[in-house]
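**Q** Supplied structure: coords.csv, CSV, C-alpha atoms.
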```csv
chain,number,residue,atom,x,y,z
Y,75,MET,CA,0.0,0.0,0.0
Y,76,PRO,CA,1.4,3.4,-0.9
Y,77,ILE,CA,3.0,5.1,2.1
Y,78,CYS,CA,4.7,8.3,3.0
Y,79,PRO,CA,8.3,7.3,3.7
Y,80,VAL,CA,8.6,10.0,6.4
Y,81,CYS,CA,5.4,10.0,8.5
Y,82,GLU,CA,4.0,6.7,7.2
Y,83,TYR,CA,0.7,8.2,6.1
Y,84,LYS,CA,-1.0,5.6,3.9
Y,85,SER,CA,-3.3,5.8,0.9
Y,86,SER,CA,-4.5,3.6,-1.9
Y,87,GLU,CA,-2.9,5.9,-4.5
Y,88,TRP,CA,0.7,7.1,-4.9
Y,89,TYR,CA,-0.8,10.4,-6.2
Y,90,GLU,CA,-2.3,11.0,-2.8
Y,91,ILE,CA,1.1,10.3,-1.1
Y,92,ALA,CA,2.7,12.7,-3.6
Y,93,ARG,CA,0.1,15.4,-2.8
Y,94,HIS,CA,0.7,14.9,0.9
Y,95,ILE,CA,4.5,15.2,0.6
Y,96,TYR,CA,4.2,18.1,-1.9
Y,97,SER,CA,2.0,20.1,0.5
Y,98,LEU,CA,4.4,19.6,3.4
Y,99,ALA,CA,7.4,20.5,1.2
Y,100,LYS,CA,5.6,23.7,0.3
Y,101,LYS,CA,5.5,24.4,4.0
Y,102,SER,CA,9.3,23.7,4.2
Y,103,ASP,CA,8.8,20.7,6.4
Y,104,ALA,CA,12.4,19.7,7.1
Y,105,LYS,CA,11.8,15.9,7.4
Y,106,HIS,CA,9.9,15.5,4.2
Y,107,ILE,CA,12.3,17.8,2.3
Y,108,MET,CA,15.3,15.9,3.6
Y,109,TRP,CA,13.8,12.6,2.4
Y,110,LEU,CA,13.2,14.1,-1.1
Y,111,ASN,CA,16.7,15.6,-1.2
Y,112,ARG,CA,18.4,12.4,-0.1
Y,113,ASN,CA,16.3,9.9,-2.1
Y,114,LEU,CA,14.7,11.4,-5.1
Y,115,SER,CA,16.0,14.8,-6.2
Y,116,VAL,CA,17.1,18.2,-4.9
Y,117,LYS,CA,15.1,19.8,-7.7
Y,118,GLU,CA,11.5,20.6,-7.0
Y,119,VAL,CA,9.1,18.8,-9.4
Y,120,SER,CA,5.3,18.9,-9.9
Y,121,GLU,CA,2.9,16.6,-8.0
Y,122,GLU,CA,2.5,14.5,-11.2
Y,123,GLU,CA,6.3,14.0,-11.6
Y,124,LEU,CA,6.6,13.3,-7.9
Y,125,THR,CA,4.0,10.6,-8.2
Y,126,LYS,CA,6.0,8.9,-10.9
Y,127,SER,CA,9.2,9.3,-9.0
Y,128,LEU,CA,7.7,7.7,-5.9
Y,129,GLU,CA,6.1,4.9,-7.8
Y,130,GLY,CA,9.4,4.2,-9.5
Y,131,PHE,CA,11.4,4.4,-6.3
Y,132,PHE,CA,9.2,1.8,-4.5
Y,133,ARG,CA,8.5,-0.5,-7.5
Y,134,VAL,CA,9.5,-4.1,-6.8
Y,135,ARG,CA,10.2,-5.8,-10.1
Y,136,ASN,CA,11.1,-9.3,-9.0
Y,137,ASN,CA,11.3,-9.7,-5.3
Y,138,LEU,CA,12.0,-7.5,-2.4
Y,139,SER,CA,15.5,-8.7,-1.8
Y,140,ASP,CA,16.4,-7.6,-5.3
Y,141,TRP,CA,15.0,-4.1,-4.6
Y,142,ILE,CA,17.0,-3.9,-1.4
Y,143,ARG,CA,20.2,-5.1,-3.1
Y,144,GLN,CA,19.8,-2.5,-5.8
Y,145,LYS,CA,19.1,0.4,-3.4
Y,146,PHE,CA,22.1,-0.6,-1.4
Y,147,ILE,CA,24.3,-0.5,-4.4
Y,148,ASP,CA,22.9,2.8,-5.5
Y,149,LYS,CA,23.6,4.3,-2.1
Y,150,PHE,CA,26.9,2.8,-1.2
Y,151,TYR,CA,28.6,1.4,-4.3
Y,152,GLY,CA,27.1,3.6,-7.2
Y,153,GLU,CA,28.6,6.5,-9.0
Y,154,ASN,CA,29.9,8.0,-5.8
Y,155,PRO,CA,30.9,5.1,-3.5
Y,156,HIS,CA,30.7,5.9,0.2
Y,157,PRO,CA,34.0,7.6,1.4
Y,158,PHE,CA,34.6,4.9,4.0
Y,159,ILE,CA,34.5,2.3,1.3
Y,160,LEU,CA,37.0,4.4,-0.8
Y,161,ALA,CA,39.2,4.6,2.3
Y,162,MET,CA,39.1,0.8,2.7
Y,163,GLN,CA,40.7,0.3,-0.7
Y,164,LYS,CA,44.0,1.1,0.9
Y,165,PRO,CA,43.2,1.6,4.6
Y,166,THR,CA,45.7,3.4,6.8
Y,167,LYS,CA,46.2,2.5,10.5
Y,168,ALA,CA,44.0,5.4,11.5
Y,169,VAL,CA,41.2,4.2,9.2
Y,170,LEU,CA,41.4,0.7,10.7
Y,171,LEU,CA,41.4,2.0,14.2
Y,172,GLY,CA,38.4,4.3,13.5
Y,173,TYR,CA,36.7,1.1,12.2
Y,174,VAL,CA,37.6,-0.8,15.4
Y,175,ILE,CA,36.5,1.9,17.9
Y,176,GLU,CA,33.1,2.6,16.3
Y,177,HIS,CA,32.4,-0.9,15.2
Y,178,GLN,CA,32.7,-2.4,18.7
Y,179,HIS,CA,29.5,-0.5,19.5
Y,180,PHE,CA,27.8,-1.5,16.3
Y,181,LEU,CA,28.5,-5.2,16.8
Y,182,LYS,CA,27.4,-5.3,20.4
Y,183,ASN,CA,24.1,-3.5,19.4
Y,184,TRP,CA,23.8,-5.8,16.4
Y,185,VAL,CA,23.4,-8.9,18.5
Y,186,ARG,CA,21.1,-7.2,20.9
Y,187,ILE,CA,18.8,-6.1,18.1
Y,188,LEU,CA,18.9,-9.5,16.4
Y,189,SER,CA,17.7,-10.9,19.8
Y,190,THR,CA,14.6,-8.8,19.4
Y,191,ILE,CA,13.8,-10.7,16.2
Y,192,VAL,CA,14.3,-14.1,18.0
Y,193,ALA,CA,12.0,-12.9,20.8
Y,194,ARG,CA,9.2,-11.9,18.5
Y,195,THR,CA,9.1,-14.5,15.7
Y,196,ASP,CA,7.8,-18.0,16.0
Y,197,LYS,CA,9.4,-19.2,12.7
Y,198,ASP,CA,11.9,-21.9,13.3
Y,199,ASP,CA,14.1,-21.1,10.3
Y,200,VAL,CA,14.3,-17.5,11.4
Y,201,ILE,CA,15.2,-18.3,15.1
Y,202,ARG,CA,17.8,-20.8,13.9
Y,203,TYR,CA,19.3,-18.3,11.5
Y,204,GLU,CA,19.4,-15.4,14.0
Y,205,LEU,CA,20.9,-17.5,16.8
Y,206,GLY,CA,23.6,-18.7,14.3
Y,207,ASN,CA,24.4,-15.2,13.3
Y,208,ILE,CA,24.6,-14.1,17.0
Y,209,ALA,CA,27.0,-17.0,17.6
Y,210,VAL,CA,29.3,-16.1,14.7
Y,211,GLU,CA,29.3,-12.4,15.5
Y,212,TYR,CA,29.5,-12.4,19.3
Y,213,ILE,CA,30.2,-15.8,20.8
Y,214,GLY,CA,32.3,-17.7,18.4
Y,215,PHE,CA,31.4,-20.7,16.4
Y,216,ASN,CA,33.0,-24.0,15.4
Y,217,ASN,CA,36.1,-23.2,17.5
Y,218,LYS,CA,36.5,-19.9,15.7
Y,219,PRO,CA,36.6,-16.6,17.5
Y,220,SER,CA,33.7,-14.3,17.1
Y,221,HIS,CA,33.8,-11.3,14.8
Y,222,TYR,CA,33.7,-9.1,17.9
Y,223,GLU,CA,36.8,-10.8,19.2
Y,224,LEU,CA,38.6,-10.6,15.9
Y,225,LEU,CA,37.7,-6.9,15.7
Y,226,LEU,CA,39.3,-6.3,19.1
Y,227,ARG,CA,42.4,-8.3,18.1
Y,228,MET,CA,42.7,-6.2,15.0
Y,229,GLY,CA,42.7,-3.1,17.2
Y,230,GLU,CA,45.3,-4.6,19.5
Y,231,SER,CA,47.5,-5.5,16.5
Y,232,LEU,CA,47.4,-1.8,15.5
Y,233,GLY,CA,48.8,-0.8,18.9
Y,234,MET,CA,45.7,0.0,21.0
Y,235,LYS,CA,45.1,-1.8,24.2
Y,236,ARG,CA,41.8,-3.7,24.5
Y,237,GLU,CA,40.8,-1.8,27.7
Y,238,GLN,CA,41.4,1.5,25.9
Y,239,ILE,CA,39.3,0.4,22.9
Y,240,LEU,CA,36.4,-0.8,25.1
Y,241,SER,CA,36.5,2.5,27.2
Y,242,ILE,CA,35.9,4.8,24.2
Y,243,PRO,CA,32.2,5.8,23.8
Y,244,PRO,CA,30.6,6.0,20.4
Y,245,LEU,CA,30.7,9.2,18.4
Y,246,PRO,CA,27.4,11.1,18.2
Y,247,ALA,CA,26.9,10.0,14.6
Y,248,THR,CA,27.3,6.3,15.7
Y,249,ARG,CA,25.0,6.9,18.6
Y,250,SER,CA,22.4,8.5,16.3
Y,251,ALA,CA,22.6,5.5,13.9
Y,252,LEU,CA,22.2,3.0,16.8
Y,253,ASN,CA,19.2,4.9,18.0
Y,254,THR,CA,17.6,4.6,14.5
Y,255,TRP,CA,18.1,0.8,14.5
Y,256,TRP,CA,16.7,0.5,18.1
Y,257,ASP,CA,13.7,2.6,17.0
Y,258,ILE,CA,13.0,0.1,14.1
Y,259,ALA,CA,13.6,-2.9,16.4
Y,260,LEU,CA,11.3,-1.7,19.1
Y,261,ASN,CA,8.5,-0.2,17.0
Y,262,LYS,CA,8.4,-2.2,13.8
Y,263,GLY,CA,7.7,-5.9,13.1
Y,264,TRP,CA,10.4,-8.6,13.1
Y,265,VAL,CA,10.4,-8.9,9.3
Y,266,GLU,CA,11.1,-5.2,9.0
Y,267,THR,CA,13.8,-5.4,11.6
Y,268,MET,CA,15.4,-8.4,9.9
Y,269,ALA,CA,15.3,-6.6,6.5
Y,270,SER,CA,16.7,-3.4,8.0
Y,271,MET,CA,19.6,-5.1,9.8
Y,272,HIS,CA,20.7,-7.9,7.5
Y,273,SER,CA,20.6,-5.7,4.4
Y,274,LEU,CA,23.5,-3.9,5.9
Y,275,GLU,CA,25.6,-7.1,5.6
Y,276,LEU,CA,25.4,-6.5,1.9
Y,277,VAL,CA,28.3,-4.1,2.4
Y,278,ALA,CA,30.8,-7.0,2.3
Y,279,ASP,CA,28.9,-9.2,-0.2
Y,280,ARG,CA,31.3,-9.9,-3.0
Y,281,SER,CA,28.5,-10.7,-5.4
Y,282,LEU,CA,27.3,-7.1,-5.5
Y,283,VAL,CA,29.8,-6.4,-8.3
Y,284,LYS,CA,27.7,-8.7,-10.5
Y,285,TYR,CA,24.7,-6.4,-9.9
Y,286,GLY,CA,26.5,-3.2,-10.7
Y,287,ALA,CA,28.7,-2.3,-7.6
Y,288,LYS,CA,31.8,-0.3,-8.7
Y,289,MET,CA,34.1,-2.0,-6.2
Y,290,HIS,CA,34.4,-4.4,-3.3
Y,291,TYR,CA,34.2,-3.3,0.4
Y,292,PHE,CA,38.0,-3.4,0.5
Y,293,ASN,CA,40.7,-4.3,-1.9
Y,294,PRO,CA,41.0,-8.1,-1.6
Y,295,LYS,CA,44.7,-7.8,-2.2
Y,296,ILE,CA,45.0,-6.7,1.4
Y,297,LEU,CA,44.3,-10.3,2.4
Y,298,GLU,CA,47.6,-11.4,0.8
Y,299,SER,CA,49.6,-8.2,1.6
Y,300,ASN,CA,52.5,-8.1,4.0
Y,301,GLU,CA,51.6,-4.4,4.8
Y,302,TYR,CA,49.0,-5.4,7.4
Y,303,PRO,CA,49.2,-7.4,10.6
Y,304,GLN,CA,47.7,-10.9,10.4
Y,305,GLU,CA,44.9,-9.9,12.8
Y,306,VAL,CA,43.7,-7.2,10.3
Y,307,LYS,CA,43.6,-9.8,7.6
Y,308,ASP,CA,41.9,-12.3,9.9
Y,309,PHE,CA,39.1,-9.8,10.7
Y,310,LEU,CA,38.6,-8.7,7.2
Y,311,ARG,CA,38.6,-12.2,5.8
Y,312,GLU,CA,36.0,-13.4,8.3
Y,313,GLY,CA,33.6,-10.6,7.6
Y,314,TYR,CA,34.2,-10.9,3.8
Y,315,GLU,CA,33.5,-14.6,3.8
Y,316,ALA,CA,30.7,-14.7,6.3
Y,317,ASP,CA,28.6,-11.6,5.3
Y,318,GLU,CA,28.1,-12.9,1.7
Y,319,GLY,CA,26.2,-15.9,3.0
Y,320,HIS,CA,24.6,-14.0,5.9
Y,321,ALA,CA,22.9,-11.3,3.8
Y,322,GLY,CA,21.7,-13.6,1.1
Y,323,GLU,CA,20.2,-16.1,3.4
Y,324,ALA,CA,18.5,-13.4,5.6
Y,325,LEU,CA,17.1,-11.6,2.6
Y,326,GLU,CA,15.6,-14.9,1.4
Y,327,LEU,CA,13.8,-15.2,4.7
Y,328,VAL,CA,12.6,-11.6,4.3
Y,329,ASP,CA,11.2,-12.6,0.9
Y,330,LYS,CA,9.6,-15.6,2.4
Y,331,TYR,CA,7.8,-13.8,5.3
Y,332,ALA,CA,7.2,-10.3,4.0
Y,333,GLU,CA,3.5,-9.4,3.8
Y,334,GLY,CA,3.5,-6.3,1.7
Y,335,PHE,CA,6.6,-4.4,0.7
Y,336,GLU,CA,6.2,-0.7,1.5
Y,337,ASP,CA,6.5,-0.7,5.3
Y,338,ILE,CA,9.7,-2.8,5.0
Y,339,GLN,CA,11.1,-0.6,2.2
Y,340,VAL,CA,10.6,2.5,4.3
Y,341,SER,CA,12.4,1.0,7.3
Y,342,VAL,CA,15.2,-0.3,5.0
Y,343,ILE,CA,15.8,3.1,3.6
Y,344,ARG,CA,15.9,4.6,7.1
Y,345,SER,CA,18.4,1.9,8.0
Y,346,PHE,CA,20.6,2.7,5.0
Y,347,ASP,CA,20.6,6.4,6.0
Y,348,ALA,CA,21.7,5.4,9.5
Y,349,PHE,CA,24.4,3.1,8.1
Y,350,SER,CA,25.8,5.9,5.8
Y,351,LYS,CA,26.0,8.1,8.9
Y,352,TYR,CA,27.7,5.4,10.9
Y,353,LEU,CA,30.3,4.6,8.2
Y,354,LEU,CA,31.2,8.3,8.1
Y,355,ALA,CA,31.6,8.2,11.9
Y,356,ARG,CA,34.3,5.5,11.4
Y,357,LEU,CA,36.1,8.1,9.2
Y,358,GLU,CA,35.5,10.9,11.7
Y,359,ARG,CA,37.2,8.8,14.4
Y,360,ALA,CA,40.0,8.1,12.0
Y,361,ILE,CA,40.5,11.8,11.4
Y,362,GLN,CA,40.7,12.4,15.1
Y,363,ILE,CA,43.7,9.9,15.1
Y,364,ASP,CA,45.3,11.2,11.9
Y,365,LYS,CA,44.0,14.4,10.3
Y,366,SER,CA,45.4,13.4,6.8
Y,367,VAL,CA,42.4,11.0,6.6
Y,368,LEU,CA,40.4,14.1,5.8
Y,369,GLY,CA,41.8,13.8,2.3
Y,370,VAL,CA,39.3,11.0,1.6
Y,371,LEU,CA,36.5,13.5,2.1
Y,372,THR,CA,37.9,16.2,-0.1
C,249,MET,CA,27.7,37.1,-0.1
C,250,ARG,CA,28.0,35.0,-3.2
C,251,ILE,CA,27.2,31.4,-2.6
C,252,ILE,CA,28.2,28.4,-4.8
C,253,VAL,CA,26.8,25.0,-3.8
C,254,ASN,CA,28.3,22.0,-5.7
C,255,GLY,CA,29.3,24.1,-8.6
C,256,ASN,CA,26.2,26.2,-8.9
C,257,GLU,CA,25.2,29.6,-7.7
C,258,ALA,CA,22.7,29.3,-4.8
C,259,GLY,CA,20.6,31.3,-2.3
C,260,THR,CA,17.4,32.0,-4.1
C,261,LYS,CA,14.3,29.9,-4.8
C,262,GLU,CA,15.3,29.6,-8.4
C,263,THR,CA,19.0,28.7,-7.8
C,264,GLY,CA,18.4,26.6,-4.7
C,265,CYS,CA,19.0,26.4,-0.9
C,266,ALA,CA,22.0,28.4,0.2
C,267,LEU,CA,23.3,25.3,2.0
C,268,CYS,CA,22.3,22.2,0.0
C,269,GLY,CA,21.1,23.6,-3.3
C,270,SER,CA,17.7,22.1,-3.1
C,271,THR,CA,14.8,24.0,-4.7
C,272,TRP,CA,12.1,22.4,-2.5
C,273,GLY,CA,10.6,24.4,0.3
C,274,ASP,CA,10.1,28.1,0.8
C,275,TYR,CA,12.0,29.3,3.8
C,276,TYR,CA,13.9,32.6,4.1
C,277,GLU,CA,16.3,34.1,6.5
C,278,GLU,CA,18.2,37.4,6.5
C,279,ILE,CA,21.9,36.8,7.0
C,280,ASP,CA,24.4,39.6,7.0
C,281,GLY,CA,21.8,41.9,5.5
C,282,GLN,CA,21.0,39.4,2.7
C,283,ARG,CA,17.7,37.6,2.3
C,284,LEU,CA,18.7,34.0,1.6
C,285,PHE,CA,16.5,31.1,0.5
C,286,PHE,CA,16.7,27.7,2.3
C,287,CYS,CA,14.7,24.6,1.7
C,288,CYS,CA,14.0,24.2,5.4
C,289,ASP,CA,14.7,25.6,8.8
C,290,VAL,CA,17.3,22.9,9.5
C,291,CYS,CA,19.4,24.0,6.5
C,292,ALA,CA,19.1,27.6,7.6
C,293,LEU,CA,20.3,26.8,11.1
C,294,GLU,CA,23.2,24.8,9.8
C,295,PHE,CA,24.2,27.7,7.5
C,296,LYS,CA,24.0,30.2,10.4
C,297,ASN,CA,26.0,28.0,12.7
C,298,MET,CA,28.6,27.5,9.9
C,299,ILE,CA,28.9,31.2,9.2
C,300,SER,CA,29.2,32.1,12.8
C,301,GLU,CA,32.0,29.5,13.3
C,302,VAL,CA,33.9,30.8,10.3
C,303,LYS,CA,33.7,34.4,11.6
C,304,LYS,CA,34.8,33.3,15.0
C,305,ARG,CA,37.8,31.4,13.7
C,306,THR,CA,38.9,34.0,11.1
C,307,GLY,CA,37.9,37.2,12.9
C,308,TRP,CA,36.2,38.4,9.7
C,309,ASP,CA,33.1,40.5,10.1
C,310,ARG,CA,31.5,39.2,7.0
C,311,ILE,CA,32.1,36.7,4.2
C,312,ASP,CA,32.2,37.8,0.5
C,313,GLU,CA,32.0,34.4,-1.1
C,314,LEU,CA,31.3,30.9,0.2
C,315,VAL,CA,31.9,27.8,-1.9
C,316,ILE,CA,30.3,24.6,-0.5
C,317,ASN,CA,30.9,21.1,-1.9
C,318,GLY,CA,29.3,18.0,-0.4
C,319,ASN,CA,26.2,16.9,1.2
C,320,TYR,CA,24.6,15.6,4.4
C,321,TYR,CA,26.2,12.2,4.2
C,322,ARG,CA,29.8,13.2,3.4
C,323,GLY,CA,29.9,16.5,5.2
C,324,ARG,CA,30.9,19.6,3.3
C,325,ASN,CA,34.2,20.9,2.1
C,326,CYS,CA,34.1,24.7,2.0
C,327,ILE,CA,36.1,27.8,1.0
C,328,ALA,CA,35.2,31.1,2.5
C,329,ARG,CA,36.7,34.3,0.9
C,330,HIS,CA,36.9,37.8,2.3
C,331,GLU,CA,38.9,40.8,0.9
C,332,GLY,CA,41.3,38.6,-1.0
C,333,LYS,CA,41.8,36.1,1.8
C,334,GLU,CA,40.7,32.5,1.7
C,335,TYR,CA,39.8,30.1,4.5
C,336,LYS,CA,39.2,26.3,3.8
C,337,PHE,CA,37.3,24.1,6.1
C,338,TYR,CA,35.3,20.9,6.4
C,339,VAL,CA,32.0,20.8,8.3
C,340,LYS,CA,29.5,18.1,9.2
C,341,PHE,CA,26.3,18.7,11.0
C,342,GLY,CA,24.4,16.6,13.5
C,343,ASP,CA,20.7,15.7,13.6
C,344,GLU,CA,19.6,19.0,15.1
C,345,GLY,CA,21.6,21.3,12.8
C,346,GLU,CA,24.4,21.6,15.2
C,347,ILE,CA,28.0,21.5,14.1
C,348,GLN,CA,29.3,18.0,14.8
C,349,THR,CA,32.7,18.2,13.1
C,350,PHE,CA,34.6,21.3,12.0
C,351,LEU,CA,38.1,21.0,10.7
C,352,ASP,CA,40.3,23.7,9.1
```
Just give me the structure of the file as structure tokens.

**A**
Amino acid sequence: MPICPVCEYKSSEWYEIARHIYSLAKKSDAKHIMWLNRNLSVKEVSEEELTKSLEGFFRVRNNLSDWIRQKFIDKFYGENPHPFILAMQKPTKAVLLGYVIEHQHFLKNWVRILSTIVARTDKDDVIRYELGNIAVEYIGFNNKPSHYELLLRMGESLGMKREQILSIPPLPATRSALNTWWDIALNKGWVETMASMHSLELVADRSLVKYGAKMHYFNPKILESNEYPQEVKDFLREGYEADEGHAGEALELVDKYAEGFEDIQVSVIRSFDAFSKYLLARLERAIQIDKSVLGVLT
Amino acid sequence: MRIIVNGNEAGTKETGCALCGSTWGDYYEEIDGQRLFFCCDVCALEFKNMISEVKKRTGWDRIDELVINGNYYRGRNCIARHEGKEYKFYVKFGDEGEIQTFLD
């Protein structure tokens, strides 16, 4: 059902949604205008054109997971890849430390949010999937350390003590992103939460290049390079290999259990916004460590 | 003050918001004696915060030209000019229009 992506006003027609957004934009409503600027166009168009743009934006051609994958590529791997991904093509020590410091908060919240999915679903395949993911990310699985542990080891290999890493609070942008994900988890259904969270694992999905991504999450040559400590390569390799399967399997479950698309699409776009903000926070942290990282943003 | 946003003149409804270049909205504020168009009050607040920070750091009483490149996601790389002098900076705003990061 057509839905306003900002205030979630619903109507049977996209034209009504366009009229609603248009009238609020005329009144300079910041939230609606921000959504238009970030997702459709910074150039004002007529109600008719806005209707077509909204229909096009939300149109699901095959299945929802394809729509999610394409929007992810457009936002993070399209003509202007996210600056953190650009920085990861040849990451400096500061970039990797920025990654460690902010990502510890992301990972801890990640498993807490996934647990809300487990708590609210009665689907066996979903429960099994989420508990498996929680184990891999936070507890460790098949005698392998968790991604959280590998992240901390990466930080230590770069010269920062574990206690120091754990003592640093998240930057405001990371905190804001975490709040967005908590808001989705606490106020939306488990399928929406699942789509909003696991779509983020697409960031390390190597198959995105097949669908139009301009580059990988990081230059895979890093994994064979002698320029980086083994712990850095161990962390990147684990995420690289695991997230490909994670995101694909989770999105198949989303396709299986989704009842209607638009509510999920709105939450996914919110989640992507938060993720973009969060990835930039990793760079902001890196800039605090080494100001030359600012070059990535100029 | 001449304002260039992502390569295009800005600051009127026709040219776009003085901060982000958007032509949506209909919000105006007078800044340094000039009536400027903004798409929303958040952009206006961000712009005012940015101008005030530049003046504080440079000691200038006004800015003749401001070149802004970037967006909400990446933050903005800017050049302010005044009487032949130039000041380069990077600024990123928080959710409430406050300056979250300012580097020169």

**Q** Using CA of Asp329 in chain Y and CA of His221 in chain Y as the two end points, give the distance in Å to one decimal.

**A** 26.6 Å

**Q** With a distance threshold of 12 Å and counting all atoms listed in the file, extract the residues of chain C near chain Y and express them as a ChimeraX atom specification.

**A** /C:253-254,261-265,267-276,285-293,316-327,336-352

**Q** Around the point (12.4, -15.5, -2.2) (coordinates from the file), which residues reach within 12 Å if we count all atoms listed in the file? Answer as a list of chain:residue names.

**A** Y:Asn136, Y:Asn137, Y:Leu138, Y:Ser139, Y:Asp140, Y:Trp141, Y:Gly322, Y:Glu323, Y:Ala324, Y:Leu325, Y:Glu326, Y:Leu327, Y:Val328, Y:Asp329, Y:Lys330, Y:Tyr331, Y:Ala332

**Q** Of the residues Y:Leu205, Y:Ile239, Y:Val185, Y:Met75, which is the one nearest to Leu171 in chain Y, using only C-alpha atoms?

**A**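 The answer is Y:Ile239, which sits nearest to Leu171 in chain Y.
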
**Q** Determine, counting only C-alpha atoms, which protein, DNA and RNA residues have an atom within 7 Å of an atom of Trp88 in chain Y; residues of the same chain fewer than 6 positions away are not included. Present the result as number ranges by chain.

**A** Y: 76, 125, 129

**Q** Would you mind telling me which residue in Y:Pro155, Y:Pro219, Y:Gly172, Y:Pro165 lies nearest to Glu312 in chain Y when using all atoms listed in the file?

**A**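 With all atoms listed in the file as the atom set, the closest residue is Y:Pro219.
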
**Q** Can you measure CA of Leu252 in chain Y to CA of Phe349 in chain Y for me? One decimal in Å is fine.

**A**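 For CA of Leu252 in chain Y relative to CA of Phe349 in chain Y, the distance reads 9.0 Å.
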
**Q** So, with only C-alpha atoms as the atoms that count, which of C:Asp280, C:Glu334, C:Glu257, C:Glu313 lies closest to Lys296 in chain C?

**A**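 Closest candidate: C:Asp280.
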
**Q** Excluding range 256-271 of chain Y and its own-chain neighbours fewer than 4 positions away, which residues fall within 9 Å of it when counting all atoms listed in the file? Please give them as a ChimeraX atom specification.

**A** /Y:139,142,183-184,187-188,190-195,251-252,275,324-325,327-328,331-333,337-339,341-346

**Q** Report, in Å to a single decimal, how far apart CA of Ala258 in chain C and CA of Asn113 in chain Y are.

**A**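 CA of Ala258 in chain C lies at a distance of 20.6 Å from CA of Asn113 in chain Y.
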
**Q** Can you rebuild range 127-138 of chain Y with N, CA and C atoms and give it as a tab-separated table (two decimals), in the coordinates of the input?

**A**
```tsv
chain	number	residue	atom	x	y	z
Y	127	SER	N	7.93	9.54	-9.67
Y	127	SER	CA	9.20	9.30	-9.00
Y	127	SER	C	9.01	8.30	-7.81
Y	128	LEU	N	7.95	8.56	-7.04
Y	128	LEU	CA	7.70	7.70	-5.90
Y	128	LEU	C	7.34	6.28	-6.31
Y	129	GLU	N	6.49	6.18	-7.33
Y	129	GLU	CA	6.10	4.90	-7.80
Y	129	GLU	C	7.36	4.11	-8.30
Y	130	GLY	N	8.21	4.83	-9.03
Y	130	GLY	CA	9.40	4.20	-9.50
Y	130	GLY	C	10.36	3.80	-8.40
Y	131	PHE	N	10.47	4.66	-7.40
Y	131	PHE	CA	11.40	4.40	-6.30
Y	131	PHE	C	10.97	3.11	-5.54
Y	132	PHE	N	9.67	2.95	-5.34
Y	132	PHE	CA	9.20	1.80	-4.50
Y	132	PHE	C	8.82	0.58	-5.35
Y	133	ARG	N	8.91	0.69	-6.67
Y	133	ARG	CA	8.50	-0.50	-7.50
Y	133	ARG	C	9.39	-1.67	-7.28
Y	134	VAL	N	8.76	-2.81	-6.98
Y	134	VAL	CA	9.50	-4.10	-6.80
Y	134	VAL	C	9.27	-4.88	-8.07
Y	135	ARG	N	10.33	-5.08	-8.84
Y	135	ARG	CA	10.20	-5.80	-10.10
Y	135	ARG	C	10.13	-7.29	-9.95
Y	136	ASN	N	11.09	-7.83	-9.24
Y	136	ASN	CA	11.10	-9.30	-9.00
Y	136	ASN	C	10.72	-9.63	-7.62
Y	137	ASN	N	11.66	-9.51	-6.73
Y	137	ASN	CA	11.30	-9.70	-5.30
Y	137	ASN	C	11.94	-8.63	-4.47
Y	138	LEU	N	11.52	-8.58	-3.24
Y	138	LEU	CA	12.00	-7.50	-2.40
Y	138	LEU	C	13.46	-7.49	-2.16
```
